[in-house]
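Notes for the one structure printed next.
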Amino acid sequence: MFSTNLNGTFNLWAMDLPHLFPYRLTTINQNSSLIYIHQNQIVATFEKDGDENHQLHHLPKSGGTPIPFHEEESGSTCYHACFTDQEMYYSSNHENPLLNIYKTDLQTGHTSLIQQGKKVPIVVAAASSDGSYVFTETYSNTHATAFYQTGETKLPLVPDTKITHTIKDVHMTKDFIYFTTNYGREFSYLASFNLSTYEFHPLFTLDKEEITSIQFHQQSNKIVMSSEKGVRDHLYVYDLSTGEGERIDTPCDVVKKMKVTKNGNLFVLGISADKTDTIFKRDTNGSWTQVTNTKVLGVPEGNMIKPDIVHYESHDGLEIEALLYKPKNGNGITILWPHGGPQKAERMIYRPVIQYLAQSGYTLFAPNFRGSKCYGATFEKMVEQNWGDGPRHDCVAGMEWLIQEGLAEKGKMVAMGGSYGGYMSLLLAGRHPEYFCGIVDIFGISNLLTFLNNVPASWRTLMDQMVGNPETDYEKLVRDSPITYIDHMNSPMFIIHGENDPRVKTEESERIVNELKNKGVAVEYLVFHDEGHGFSKKKNEMRANKEIRRFLDGLVEADHECRLQR
């Protein structure tokens with residue numbers, strides 16, 4: 001069972017193996033962030049037109065119209081849910097911006113409040129049928145610790161919670177809690193917490209590689225792990241009986257999700273830069289089979305462009321990894337693609353807009369500037385309270401590297417990105433206009449002060465560490481806001497935004513559009529009234545991509561006309 005926009009809008013779909021033809025379970029045309037099968041019902045979250053308010057619903061296993069668990073939670077968000085045989089534990093912001101943890105009896109539907117967030121957001125991470133559970137307290141993107149709650153007793157999973165670290169993907173068994181953490185180290189590893197002795201133990205580490213997701217298989221006493229190493233993922237199996245781990249082959253470049261069934265089969269939802277989302281199955285004998293049939297889904301294969309993985313030095317000697325998409329017949333324009341987050345990374349995943357533009361003759365360059373994940377804790381923290389400086393210089397160094405390698409020309413480049421990538425594109429347009437002939441901003445931030453004032457309430461305790469404090473860091477936030485450099489922006493600009501965006505309000509784009517129009521700079525503005533911070537509907541994404549290409553093709557044509565005149 002999975003959420004997909006196979007028919008153009010997101011719904012729940014299913015396949016009855018070994019039959020590989022998918023069929024639809026819902027018709028509400030909304031995305032789901034969580035799916036769980038409990039006896040004869042499905043538990044799932046659904047948002048509304050990109051508003052990111054994922055509310056818990058239930059529906060029969062045969063499909064139908066999802067029914068909200070609690071009508072009073074409409075317009076609020078379930079941040080995570082975990083399940084025992086009869087109960088569901090979940091975190092929601094419907095009564096508290098710092099989130100509360102609730103417990104619902106899945107037979108009766110009765111829900112009770114079991115913990116309130118008081119200083120920072122709290123999210124339930126795992127639960128046991130004996131009433132104990134694990135939850136996280138999040139202080140920033142790079143500091144999230146976890147606690148074991150049993151009765152009135154609250155115990156940290158690591159020796160010192162004040163040391164900056166993260167804890168992710170928690171699994172509870174009768175005797176242990178298993179989780180991934182970078183406590184005391186640069187890269188995340190597999191660790192355990194003994195429920196008898198309350199002791200923390202590192203179990204399995206990798207060299208310069210983040211263990212990010214785990215699946216426990218009780219029958220074999222093994223843990224399957226996925227890891228992130230730069231732009232690619234790998235899979236490992238750790239034997240709890242012997243204390244040894246081994247790497248196994250991976251059928252894709254990036255693992256989006258995995259699940260180990262009771263009989264030991266491993267299912268992986270994977271993706272590659274030149275292949276769309278695919279579900280794979282690994283049998284107990286180690287062989288992989290592709291579960292989703294791309295021919296049935298109508299996805300063409302074999303004509304995608306796979307990027308090169310390149311490295312270059314930034315202005316201060318820091319090594320930066322990047323993806324470089326080379327078209328077969330280049331048109332002379334190079335697109336700089338700064339990723340979102342900013343504590344994310346551009347990885348070997350399929351992006352329709354990148355493939356569309358690369359096959360249309362555009363060279364695309366996607367750097368994992370400082371602050372990107374997958375390169376260690378120190379590297380990831382470099383962007384905190386430093387949104388407009390270090391990453392910007394990394395992007396400029398990347399453009400200079402492209403020029404030196406003969407892959408780009410100064411003045412014939414386009415900065416294009418979404419969210420933080422949109423912010424960086426705008427900032428580069430204002431601070432380094434000499435590189436660009438055009439800018440594409442997709443729901444980006446133009447003013448850090450107004451952005452901080454409008455972020456969702458659950459984020460506000462994290463923003464001081466992530467971006468800065470509007471009072472104590474006022475001058476820096478002004479300096480790092482693209483709107484400060486509006487007088488230097490002179491390239492044609494195309495701006496896209498979703499009206500329902502809960503993270504970056506449309507005023508961020510409207511401000512830039514109005515200022516550029518007043519200056520007489522060519523600017524186009526496209527608003528989607530049924531989208532949020534991204535595209536949930538294929539027709540909207542296709543329209544946006546076509547409009548982006550039309551805008552870029554206009555730049556190519558203008559360049560050719562300029563050459564003819566010379």
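Going by the structure tokens order, chains are called A, B, ..., each with residues numbered from 1, while ligands are numbered from 1 in the order shown.
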*asked:* Please list as a list in words every residue within 10 Å of A:Gly131, counting only C-alpha atoms and excluding residues in the same chain fewer than 6 positions away.
replied: Thr84, Glu87, Tyr89, Lys103, Gln149, Thr150 and Gly151 of chain A
Give me every strand (DSSP E) residue in stretch 175-292 of chain A, going by DSSP on the backbone, as a PDB file with N, CA and C atoms, in the first residue's frame.
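Now in result-v5.pdb:
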ATOM      1  N   PHE A 176      15.304  -4.140  24.522  1.00  0.00           N
ATOM      2  CA  PHE A 176      16.182  -3.057  24.063  1.00  0.00           C
ATOM      3  C   PHE A 176      15.398  -2.014  23.276  1.00  0.00           C
ATOM      4  N   ILE A 177      15.988  -0.829  23.216  1.00  0.00           N
ATOM      5  CA  ILE A 177      15.582   0.203  22.268  1.00  0.00           C
ATOM      6  C   ILE A 177      16.735   0.375  21.295  1.00  0.00           C
ATOM      7  N   TYR A 178      16.474   0.246  20.009  1.00  0.00           N
ATOM      8  CA  TYR A 178      17.489   0.441  18.982  1.00  0.00           C
ATOM      9  C   TYR A 178      17.200   1.746  18.247  1.00  0.00           C
ATOM     10  N   PHE A 179      18.253   2.475  17.914  1.00  0.00           N
ATOM     11  CA  PHE A 179      18.060   3.773  17.265  1.00  0.00           C
ATOM     12  C   PHE A 179      19.343   4.190  16.561  1.00  0.00           C
ATOM     13  N   THR A 180      19.230   5.235  15.733  1.00  0.00           N
ATOM     14  CA  THR A 180      20.413   5.824  15.104  1.00  0.00           C
ATOM     15  C   THR A 180      20.699   7.157  15.783  1.00  0.00           C
ATOM     16  N   THR A 181      21.974   7.466  15.960  1.00  0.00           N
ATOM     17  CA  THR A 181      22.375   8.712  16.604  1.00  0.00           C
ATOM     18  C   THR A 181      23.799   9.073  16.197  1.00  0.00           C
ATOM     19  N   TYR A 189      25.230   6.450  13.761  1.00  0.00           N
ATOM     20  CA  TYR A 189      25.528   5.027  13.841  1.00  0.00           C
ATOM     21  C   TYR A 189      24.378   4.308  14.550  1.00  0.00           C
ATOM     22  N   LEU A 190      24.434   2.989  14.576  1.00  0.00           N
ATOM     23  CA  LEU A 190      23.437   2.179  15.267  1.00  0.00           C
ATOM     24  C   LEU A 190      23.808   2.065  16.739  1.00  0.00           C
ATOM     25  N   ALA A 191      22.828   2.312  17.619  1.00  0.00           N
ATOM     26  CA  ALA A 191      23.066   2.223  19.062  1.00  0.00           C
ATOM     27  C   ALA A 191      21.889   1.529  19.734  1.00  0.00           C
ATOM     28  N   SER A 192      22.096   1.160  21.000  1.00  0.00           N
ATOM     29  CA  SER A 192      21.025   0.507  21.760  1.00  0.00           C
ATOM     30  C   SER A 192      20.940   1.088  23.162  1.00  0.00           C
ATOM     31  N   PHE A 193      19.767   0.921  23.769  1.00  0.00           N
ATOM     32  CA  PHE A 193      19.529   1.300  25.158  1.00  0.00           C
ATOM     33  C   PHE A 193      18.929   0.085  25.847  1.00  0.00           C
ATOM     34  N   ASN A 194      19.644  -0.443  26.857  1.00  0.00           N
ATOM     35  CA  ASN A 194      19.223  -1.654  27.556  1.00  0.00           C
ATOM     36  C   ASN A 194      18.104  -1.320  28.544  1.00  0.00           C
ATOM     37  N   PHE A 200      23.501   2.779  27.652  1.00  0.00           N
ATOM     38  CA  PHE A 200      23.632   3.137  26.237  1.00  0.00           C
ATOM     39  C   PHE A 200      24.858   2.444  25.657  1.00  0.00           C
ATOM     40  N   HIS A 201      24.705   1.874  24.449  1.00  0.00           N
ATOM     41  CA  HIS A 201      25.845   1.207  23.807  1.00  0.00           C
ATOM     42  C   HIS A 201      25.854   1.484  22.301  1.00  0.00           C
ATOM     43  N   PRO A 202      26.973   1.981  21.746  1.00  0.00           N
ATOM     44  CA  PRO A 202      27.130   2.007  20.289  1.00  0.00           C
ATOM     45  C   PRO A 202      27.282   0.572  19.786  1.00  0.00           C
ATOM     46  N   LEU A 203      26.656   0.253  18.635  1.00  0.00           N
ATOM     47  CA  LEU A 203      26.701  -1.100  18.118  1.00  0.00           C
ATOM     48  C   LEU A 203      27.433  -1.221  16.790  1.00  0.00           C
ATOM     49  N   PHE A 204      27.139  -0.316  15.849  1.00  0.00           N
ATOM     50  CA  PHE A 204      27.700  -0.477  14.506  1.00  0.00           C
ATOM     51  C   PHE A 204      27.919   0.892  13.892  1.00  0.00           C
ATOM     52  N   GLU A 210      26.476   7.949   7.115  1.00  0.00           N
ATOM     53  CA  GLU A 210      25.405   8.116   8.101  1.00  0.00           C
ATOM     54  C   GLU A 210      24.436   6.938   8.051  1.00  0.00           C
ATOM     55  N   ILE A 211      24.274   6.224   9.161  1.00  0.00           N
ATOM     56  CA  ILE A 211      23.191   5.245   9.256  1.00  0.00           C
ATOM     57  C   ILE A 211      21.932   6.021   9.617  1.00  0.00           C
ATOM     58  N   THR A 212      20.930   5.960   8.751  1.00  0.00           N
ATOM     59  CA  THR A 212      19.776   6.837   8.898  1.00  0.00           C
ATOM     60  C   THR A 212      18.477   6.118   9.209  1.00  0.00           C
ATOM     61  N   SER A 213      18.336   4.875   8.766  1.00  0.00           N
ATOM     62  CA  SER A 213      17.068   4.168   8.947  1.00  0.00           C
ATOM     63  C   SER A 213      17.342   2.716   9.297  1.00  0.00           C
ATOM     64  N   ILE A 214      16.514   2.159  10.180  1.00  0.00           N
ATOM     65  CA  ILE A 214      16.699   0.771  10.605  1.00  0.00           C
ATOM     66  C   ILE A 214      15.362   0.037  10.623  1.00  0.00           C
ATOM     67  N   GLN A 215      15.453  -1.283  10.406  1.00  0.00           N
ATOM     68  CA  GLN A 215      14.296  -2.160  10.503  1.00  0.00           C
ATOM     69  C   GLN A 215      14.724  -3.413  11.251  1.00  0.00           C
ATOM     70  N   PHE A 216      14.020  -3.727  12.357  1.00  0.00           N
ATOM     71  CA  PHE A 216      14.364  -4.877  13.188  1.00  0.00           C
ATOM     72  C   PHE A 216      13.538  -6.086  12.755  1.00  0.00           C
ATOM     73  N   HIS A 217      14.221  -7.237  12.573  1.00  0.00           N
ATOM     74  CA  HIS A 217      13.545  -8.491  12.240  1.00  0.00           C
ATOM     75  C   HIS A 217      13.714  -9.452  13.404  1.00  0.00           C
ATOM     76  N   LYS A 222      18.080  -9.792  13.509  1.00  0.00           N
ATOM     77  CA  LYS A 222      18.938  -8.942  12.688  1.00  0.00           C
ATOM     78  C   LYS A 222      18.288  -7.581  12.462  1.00  0.00           C
ATOM     79  N   ILE A 223      19.126  -6.601  12.185  1.00  0.00           N
ATOM     80  CA  ILE A 223      18.654  -5.257  11.879  1.00  0.00           C
ATOM     81  C   ILE A 223      19.136  -4.890  10.482  1.00  0.00           C
ATOM     82  N   VAL A 224      18.198  -4.482   9.636  1.00  0.00           N
ATOM     83  CA  VAL A 224      18.535  -3.973   8.312  1.00  0.00           C
ATOM     84  C   VAL A 224      18.671  -2.460   8.413  1.00  0.00           C
ATOM     85  N   MET A 225      19.727  -1.918   7.827  1.00  0.00           N
ATOM     86  CA  MET A 225      20.013  -0.483   7.942  1.00  0.00           C
ATOM     87  C   MET A 225      20.233   0.122   6.569  1.00  0.00           C
ATOM     88  N   SER A 226      19.760   1.350   6.385  1.00  0.00           N
ATOM     89  CA  SER A 226      20.136   2.119   5.204  1.00  0.00           C
ATOM     90  C   SER A 226      21.049   3.247   5.653  1.00  0.00           C
ATOM     91  N   SER A 227      21.971   3.621   4.789  1.00  0.00           N
ATOM     92  CA  SER A 227      22.936   4.655   5.137  1.00  0.00           C
ATOM     93  C   SER A 227      22.997   5.695   4.024  1.00  0.00           C
ATOM     94  N   GLU A 228      23.453   6.884   4.385  1.00  0.00           N
ATOM     95  CA  GLU A 228      23.675   7.955   3.429  1.00  0.00           C
ATOM     96  C   GLU A 228      25.168   8.263   3.368  1.00  0.00           C
ATOM     97  N   LYS A 229      25.732   8.204   2.170  1.00  0.00           N
ATOM     98  CA  LYS A 229      27.120   8.596   1.973  1.00  0.00           C
ATOM     99  C   LYS A 229      27.167   9.567   0.800  1.00  0.00           C
ATOM    100  N   ARG A 232      24.646   9.195  -2.388  1.00  0.00           N
ATOM    101  CA  ARG A 232      24.101   7.850  -2.558  1.00  0.00           C
ATOM    102  C   ARG A 232      23.800   7.186  -1.212  1.00  0.00           C
ATOM    103  N   ASP A 233      22.958   6.154  -1.264  1.00  0.00           N
ATOM    104  CA  ASP A 233      22.630   5.329  -0.097  1.00  0.00           C
ATOM    105  C   ASP A 233      23.195   3.920  -0.271  1.00  0.00           C
ATOM    106  N   HIS A 234      23.329   3.241   0.872  1.00  0.00           N
ATOM    107  CA  HIS A 234      23.733   1.836   0.868  1.00  0.00           C
ATOM    108  C   HIS A 234      22.883   1.083   1.886  1.00  0.00           C
ATOM    109  N   LEU A 235      22.895  -0.251   1.786  1.00  0.00           N
ATOM    110  CA  LEU A 235      22.154  -1.115   2.706  1.00  0.00           C
ATOM    111  C   LEU A 235      23.115  -2.041   3.443  1.00  0.00           C
ATOM    112  N   TYR A 236      22.807  -2.270   4.724  1.00  0.00           N
ATOM    113  CA  TYR A 236      23.611  -3.155   5.565  1.00  0.00           C
ATOM    114  C   TYR A 236      22.683  -4.034   6.395  1.00  0.00           C
ATOM    115  N   VAL A 237      23.215  -5.181   6.819  1.00  0.00           N
ATOM    116  CA  VAL A 237      22.517  -6.059   7.763  1.00  0.00           C
ATOM    117  C   VAL A 237      23.421  -6.278   8.957  1.00  0.00           C
ATOM    118  N   TYR A 238      22.872  -6.024  10.156  1.00  0.00           N
ATOM    119  CA  TYR A 238      23.638  -6.211  11.402  1.00  0.00           C
ATOM    120  C   TYR A 238      23.029  -7.376  12.172  1.00  0.00           C
ATOM    121  N   ASP A 239      23.868  -8.361  12.523  1.00  0.00           N
ATOM    122  CA  ASP A 239      23.439  -9.537  13.268  1.00  0.00           C
ATOM    123  C   ASP A 239      23.639  -9.282  14.755  1.00  0.00           C
ATOM    124  N   GLU A 244      28.103  -8.536  14.212  1.00  0.00           N
ATOM    125  CA  GLU A 244      28.766  -8.242  12.957  1.00  0.00           C
ATOM    126  C   GLU A 244      27.769  -7.688  11.946  1.00  0.00           C
ATOM    127  N   GLY A 245      28.272  -6.796  11.102  1.00  0.00           N
ATOM    128  CA  GLY A 245      27.441  -6.221  10.054  1.00  0.00           C
ATOM    129  C   GLY A 245      28.071  -6.411   8.699  1.00  0.00           C
ATOM    130  N   GLU A 246      27.254  -6.491   7.679  1.00  0.00           N
ATOM    131  CA  GLU A 246      27.760  -6.635   6.313  1.00  0.00           C
ATOM    132  C   GLU A 246      26.919  -5.805   5.363  1.00  0.00           C
ATOM    133  N   ARG A 247      27.591  -5.325   4.316  1.00  0.00           N
ATOM    134  CA  ARG A 247      26.891  -4.548   3.298  1.00  0.00           C
ATOM    135  C   ARG A 247      26.253  -5.487   2.286  1.00  0.00           C
ATOM    136  N   ILE A 248      25.028  -5.153   1.863  1.00  0.00           N
ATOM    137  CA  ILE A 248      24.343  -5.924   0.837  1.00  0.00           C
ATOM    138  C   ILE A 248      24.098  -5.015  -0.367  1.00  0.00           C
ATOM    139  N   VAL A 254      19.076   5.830  -4.013  1.00  0.00           N
ATOM    140  CA  VAL A 254      18.605   6.405  -2.747  1.00  0.00           C
ATOM    141  C   VAL A 254      17.426   5.594  -2.226  1.00  0.00           C
ATOM    142  N   VAL A 255      17.469   5.244  -0.943  1.00  0.00           N
ATOM    143  CA  VAL A 255      16.399   4.498  -0.285  1.00  0.00           C
ATOM    144  C   VAL A 255      15.474   5.492   0.416  1.00  0.00           C
ATOM    145  N   LYS A 256      14.241   5.576  -0.043  1.00  0.00           N
ATOM    146  CA  LYS A 256      13.281   6.495   0.563  1.00  0.00           C
ATOM    147  C   LYS A 256      12.580   5.866   1.761  1.00  0.00           C
ATOM    148  N   LYS A 257      12.355   4.565   1.699  1.00  0.00           N
ATOM    149  CA  LYS A 257      11.697   3.869   2.808  1.00  0.00           C
ATOM    150  C   LYS A 257      11.963   2.382   2.668  1.00  0.00           C
ATOM    151  N   MET A 258      11.957   1.671   3.797  1.00  0.00           N
ATOM    152  CA  MET A 258      12.120   0.222   3.739  1.00  0.00           C
ATOM    153  C   MET A 258      11.284  -0.444   4.817  1.00  0.00           C
ATOM    154  N   LYS A 259      10.963  -1.717   4.575  1.00  0.00           N
ATOM    155  CA  LYS A 259      10.132  -2.485   5.507  1.00  0.00           C
ATOM    156  C   LYS A 259      10.535  -3.944   5.442  1.00  0.00           C
ATOM    157  N   VAL A 260      10.769  -4.549   6.623  1.00  0.00           N
ATOM    158  CA  VAL A 260      11.061  -5.980   6.708  1.00  0.00           C
ATOM    159  C   VAL A 260       9.793  -6.685   7.164  1.00  0.00           C
ATOM    160  N   LEU A 266      12.572  -8.161   2.485  1.00  0.00           N
ATOM    161  CA  LEU A 266      12.847  -6.726   2.610  1.00  0.00           C
ATOM    162  C   LEU A 266      12.231  -5.992   1.427  1.00  0.00           C
ATOM    163  N   PHE A 267      11.369  -5.017   1.720  1.00  0.00           N
ATOM    164  CA  PHE A 267      10.809  -4.161   0.683  1.00  0.00           C
ATOM    165  C   PHE A 267      11.458  -2.785   0.783  1.00  0.00           C
ATOM    166  N   VAL A 268      11.858  -2.247  -0.370  1.00  0.00           N
ATOM    167  CA  VAL A 268      12.526  -0.946  -0.428  1.00  0.00           C
ATOM    168  C   VAL A 268      11.810  -0.064  -1.435  1.00  0.00           C
ATOM    169  N   LEU A 269      11.467   1.135  -1.012  1.00  0.00           N
ATOM    170  CA  LEU A 269      11.013   2.168  -1.936  1.00  0.00           C
ATOM    171  C   LEU A 269      12.240   2.978  -2.300  1.00  0.00           C
ATOM    172  N   GLY A 270      12.667   2.837  -3.544  1.00  0.00           N
ATOM    173  CA  GLY A 270      13.926   3.448  -3.945  1.00  0.00           C
ATOM    174  C   GLY A 270      13.770   4.332  -5.157  1.00  0.00           C
ATOM    175  N   ILE A 271      14.802   5.132  -5.386  1.00  0.00           N
ATOM    176  CA  ILE A 271      14.798   6.082  -6.496  1.00  0.00           C
ATOM    177  C   ILE A 271      16.231   6.305  -6.952  1.00  0.00           C
ATOM    178  N   SER A 272      16.389   6.672  -8.206  1.00  0.00           N
ATOM    179  CA  SER A 272      17.689   7.026  -8.766  1.00  0.00           C
ATOM    180  C   SER A 272      17.530   8.285  -9.594  1.00  0.00           C
ATOM    181  N   LYS A 275      15.842   7.215 -12.717  1.00  0.00           N
ATOM    182  CA  LYS A 275      14.702   6.308 -12.606  1.00  0.00           C
ATOM    183  C   LYS A 275      13.729   6.837 -11.556  1.00  0.00           C
ATOM    184  N   THR A 276      12.449   6.693 -11.836  1.00  0.00           N
ATOM    185  CA  THR A 276      11.438   7.193 -10.910  1.00  0.00           C
ATOM    186  C   THR A 276      11.283   6.260  -9.707  1.00  0.00           C
ATOM    187  N   ASP A 277      10.428   6.651  -8.756  1.00  0.00           N
ATOM    188  CA  ASP A 277      10.175   5.851  -7.556  1.00  0.00           C
ATOM    189  C   ASP A 277       9.773   4.423  -7.936  1.00  0.00           C
ATOM    190  N   THR A 278      10.429   3.467  -7.294  1.00  0.00           N
ATOM    191  CA  THR A 278      10.177   2.057  -7.579  1.00  0.00           C
ATOM    192  C   THR A 278      10.215   1.267  -6.277  1.00  0.00           C
ATOM    193  N   ILE A 279       9.330   0.292  -6.148  1.00  0.00           N
ATOM    194  CA  ILE A 279       9.352  -0.610  -4.989  1.00  0.00           C
ATOM    195  C   ILE A 279      10.055  -1.903  -5.396  1.00  0.00           C
ATOM    196  N   PHE A 280      11.054  -2.283  -4.595  1.00  0.00           N
ATOM    197  CA  PHE A 280      11.808  -3.509  -4.830  1.00  0.00           C
ATOM    198  C   PHE A 280      11.587  -4.470  -3.662  1.00  0.00           C
ATOM    199  N   LYS A 281      11.716  -5.763  -3.961  1.00  0.00           N
ATOM    200  CA  LYS A 281      11.589  -6.801  -2.933  1.00  0.00           C
ATOM    201  C   LYS A 281      12.850  -7.659  -2.937  1.00  0.00           C
ATOM    202  N   ARG A 282      13.438  -7.833  -1.747  1.00  0.00           N
ATOM    203  CA  ARG A 282      14.606  -8.715  -1.602  1.00  0.00           C
ATOM    204  C   ARG A 282      14.173  -9.958  -0.859  1.00  0.00           C
ATOM    205  N   TRP A 288      16.916  -9.632  -5.689  1.00  0.00           N
ATOM    206  CA  TRP A 288      15.999  -8.493  -5.779  1.00  0.00           C
ATOM    207  C   TRP A 288      15.049  -8.673  -6.955  1.00  0.00           C
ATOM    208  N   THR A 289      13.790  -8.303  -6.760  1.00  0.00           N
ATOM    209  CA  THR A 289      12.825  -8.225  -7.843  1.00  0.00           C
ATOM    210  C   THR A 289      12.135  -6.869  -7.774  1.00  0.00           C
ATOM    211  N   GLN A 290      11.752  -6.365  -8.923  1.00  0.00           N
ATOM    212  CA  GLN A 290      11.060  -5.074  -8.984  1.00  0.00           C
ATOM    213  C   GLN A 290       9.563  -5.320  -8.868  1.00  0.00           C
TER     214      GLN A 290
END
*For A:Gln385, which residue out of A:Pro352, A:Leu462, A:Pro433, A:Pro367 is the nearest one, using only C-alpha atoms?*
A:Leu462
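Each of A:Asn518, A:Thr104, A:Asn11, A:Asn500 was checked against A:Phe535 using only C-alpha atoms; the smallest atom-to-atom distance is that of A:Asn500.
Of note, atom CA of A:Thr108 and atom CA of A:Ile37 are spaced 16.4 Å apart.
Residues in contact range of A:Asn469, defined as at most 10 Å between only C-alpha atoms, with sequence neighbours fewer than 6 positions away removed, read Gln385, Leu449, Leu452, Met463, Lys476 and Leu477 of chain A.
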Keeping N, CA and C atoms, export the residues of the selection given above as a PDB file, in the first residue's frame.
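File written: part_32.pdb
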ATOM      1  N   GLN A 385      22.606  29.851  11.598  1.00  0.00           N
ATOM      2  CA  GLN A 385      22.844  31.288  11.790  1.00  0.00           C
ATOM      3  C   GLN A 385      23.826  31.830  10.755  1.00  0.00           C
ATOM      4  N   LEU A 449      13.457  38.494   8.061  1.00  0.00           N
ATOM      5  CA  LEU A 449      12.708  39.002   9.213  1.00  0.00           C
ATOM      6  C   LEU A 449      11.227  38.669   9.099  1.00  0.00           C
ATOM      7  N   LEU A 452      10.726  34.815   9.471  1.00  0.00           N
ATOM      8  CA  LEU A 452      10.739  34.363  10.863  1.00  0.00           C
ATOM      9  C   LEU A 452       9.451  34.724  11.582  1.00  0.00           C
ATOM     10  N   MET A 463      14.011  28.392  15.505  1.00  0.00           N
ATOM     11  CA  MET A 463      14.499  29.357  14.530  1.00  0.00           C
ATOM     12  C   MET A 463      15.710  30.161  14.999  1.00  0.00           C
ATOM     13  N   LYS A 476      22.393  41.230  11.014  1.00  0.00           N
ATOM     14  CA  LYS A 476      22.817  40.094  10.190  1.00  0.00           C
ATOM     15  C   LYS A 476      21.663  39.599   9.319  1.00  0.00           C
ATOM     16  N   LEU A 477      20.451  39.553   9.865  1.00  0.00           N
ATOM     17  CA  LEU A 477      19.296  39.089   9.107  1.00  0.00           C
ATOM     18  C   LEU A 477      18.968  40.048   7.964  1.00  0.00           C
TER      19      LEU A 477
END
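Counting only C-alpha atoms and comparing A:Asp473, A:Asp487, A:Glu507, A:Glu380, the residue that lies closest to A:Gly444 is A:Glu507.
When atom CA of A:Lys412 is paired with atom CA of A:Ile333, their separation reads 5.5 Å.
Residues in contact with stretch 393-400 of chain A at 7 Å, where only C-alpha atoms are counted and same-chain residues fewer than 3 positions away are skipped, are listed as Ser314, His315, Pro367, Phe369, Asp389, Gly390, Ile403 and Gln404 of chain A.
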*Name the residues in contact with A:His19 at a cut-off of 12 Å, using only C-alpha atoms, excluding same-chain residues fewer than 2 positions from it; report them as a list of chain:residue names.*
A:Ala14, A:Met15, A:Asp16, A:Leu17, A:Phe21, A:Pro22, A:Tyr23, A:Val291, A:Thr292, A:Asn293, A:Val296
Kindly save the residues from that selection, with N, CA and C atoms included, as a PDB file, in the first residue's frame.
ATOM      1  N   ALA A  14      -2.919   0.351  -3.831  1.00  0.00           N
ATOM      2  CA  ALA A  14      -2.454  -0.930  -3.290  1.00  0.00           C
ATOM      3  C   ALA A  14      -2.192  -1.912  -4.419  1.00  0.00           C
ATOM      4  N   MET A  15      -1.392  -2.942  -4.103  1.00  0.00           N
ATOM      5  CA  MET A  15      -1.177  -4.070  -4.999  1.00  0.00           C
ATOM      6  C   MET A  15      -1.300  -5.339  -4.179  1.00  0.00           C
ATOM      7  N   ASP A  16      -1.974  -6.346  -4.732  1.00  0.00           N
ATOM      8  CA  ASP A  16      -2.117  -7.638  -4.063  1.00  0.00           C
ATOM      9  C   ASP A  16      -1.103  -8.601  -4.667  1.00  0.00           C
ATOM     10  N   LEU A  17       0.063  -8.700  -4.026  1.00  0.00           N
ATOM     11  CA  LEU A  17       1.117  -9.556  -4.559  1.00  0.00           C
ATOM     12  C   LEU A  17       0.649 -11.014  -4.587  1.00  0.00           C
ATOM     13  N   PHE A  21      -0.428  -5.238 -10.628  1.00  0.00           N
ATOM     14  CA  PHE A  21      -1.208  -4.115 -11.147  1.00  0.00           C
ATOM     15  C   PHE A  21      -1.812  -3.337  -9.978  1.00  0.00           C
ATOM     16  N   PRO A  22      -1.530  -2.026  -9.884  1.00  0.00           N
ATOM     17  CA  PRO A  22      -2.023  -1.240  -8.745  1.00  0.00           C
ATOM     18  C   PRO A  22      -3.481  -0.820  -8.924  1.00  0.00           C
ATOM     19  N   TYR A  23      -4.186  -0.690  -7.813  1.00  0.00           N
ATOM     20  CA  TYR A  23      -5.554  -0.185  -7.849  1.00  0.00           C
ATOM     21  C   TYR A  23      -5.715   0.859  -6.748  1.00  0.00           C
ATOM     22  N   VAL A 291       8.946  -4.721  -7.865  1.00  0.00           N
ATOM     23  CA  VAL A 291       7.532  -4.961  -7.595  1.00  0.00           C
ATOM     24  C   VAL A 291       6.643  -4.058  -8.448  1.00  0.00           C
ATOM     25  N   THR A 292       6.954  -2.784  -8.480  1.00  0.00           N
ATOM     26  CA  THR A 292       6.161  -1.873  -9.306  1.00  0.00           C
ATOM     27  C   THR A 292       6.623  -1.968 -10.748  1.00  0.00           C
ATOM     28  N   ASN A 293       5.691  -2.189 -11.638  1.00  0.00           N
ATOM     29  CA  ASN A 293       5.990  -2.386 -13.054  1.00  0.00           C
ATOM     30  C   ASN A 293       5.936  -1.044 -13.763  1.00  0.00           C
ATOM     31  N   VAL A 296       3.624  -0.798 -16.742  1.00  0.00           N
ATOM     32  CA  VAL A 296       2.220  -0.650 -16.378  1.00  0.00           C
ATOM     33  C   VAL A 296       1.924   0.783 -15.973  1.00  0.00           C
TER      34      VAL A 296
END
*asked:* Quick one: residues within 12 Å of stretch 60-71 of chain A, only C-alpha atoms, excluding same-chain residues fewer than 2 positions away - as an MDAnalysis selection string?
replied: chainID A and resid 1 11:16 23:30 32 35:47 54:58 73:78 88 90 92 94 102:112
*In Å, rounded to a single decimal, give me how far atom CA of A:Glu471 is from atom CA of A:Asp501.*
25.5 Å
*DSSP alpha helix (DSSP H) residues within stretch 318-505 of chain A, as a PyMOL selection string*: chain A and resi 352-358+377-381+390-404+420-431+448-454+460-466+474-479
*Nearest-residue call for A:Pro391, choices A:Ala558, A:Ile320, A:Cys82, A:Val513, using only C-alpha atoms*: A:Ile320
*asked:* List as an NGL selection string the protein and nucleic acid residues near A:Glu541, meaning an atom at most 10 Å away when only C-alpha atoms are counted, but skip any in the same chain fewer than 5 places from it.
replied: :A and (8 or 352-353 or 528 or 531 or 534-536 or 546-547)
*Kindly indicate which residue among A:Leu318, A:Pro502, A:Ala408, A:Asp308 lies nearest to A:Ala457, using only C-alpha atoms for the distances.*
A:Pro502
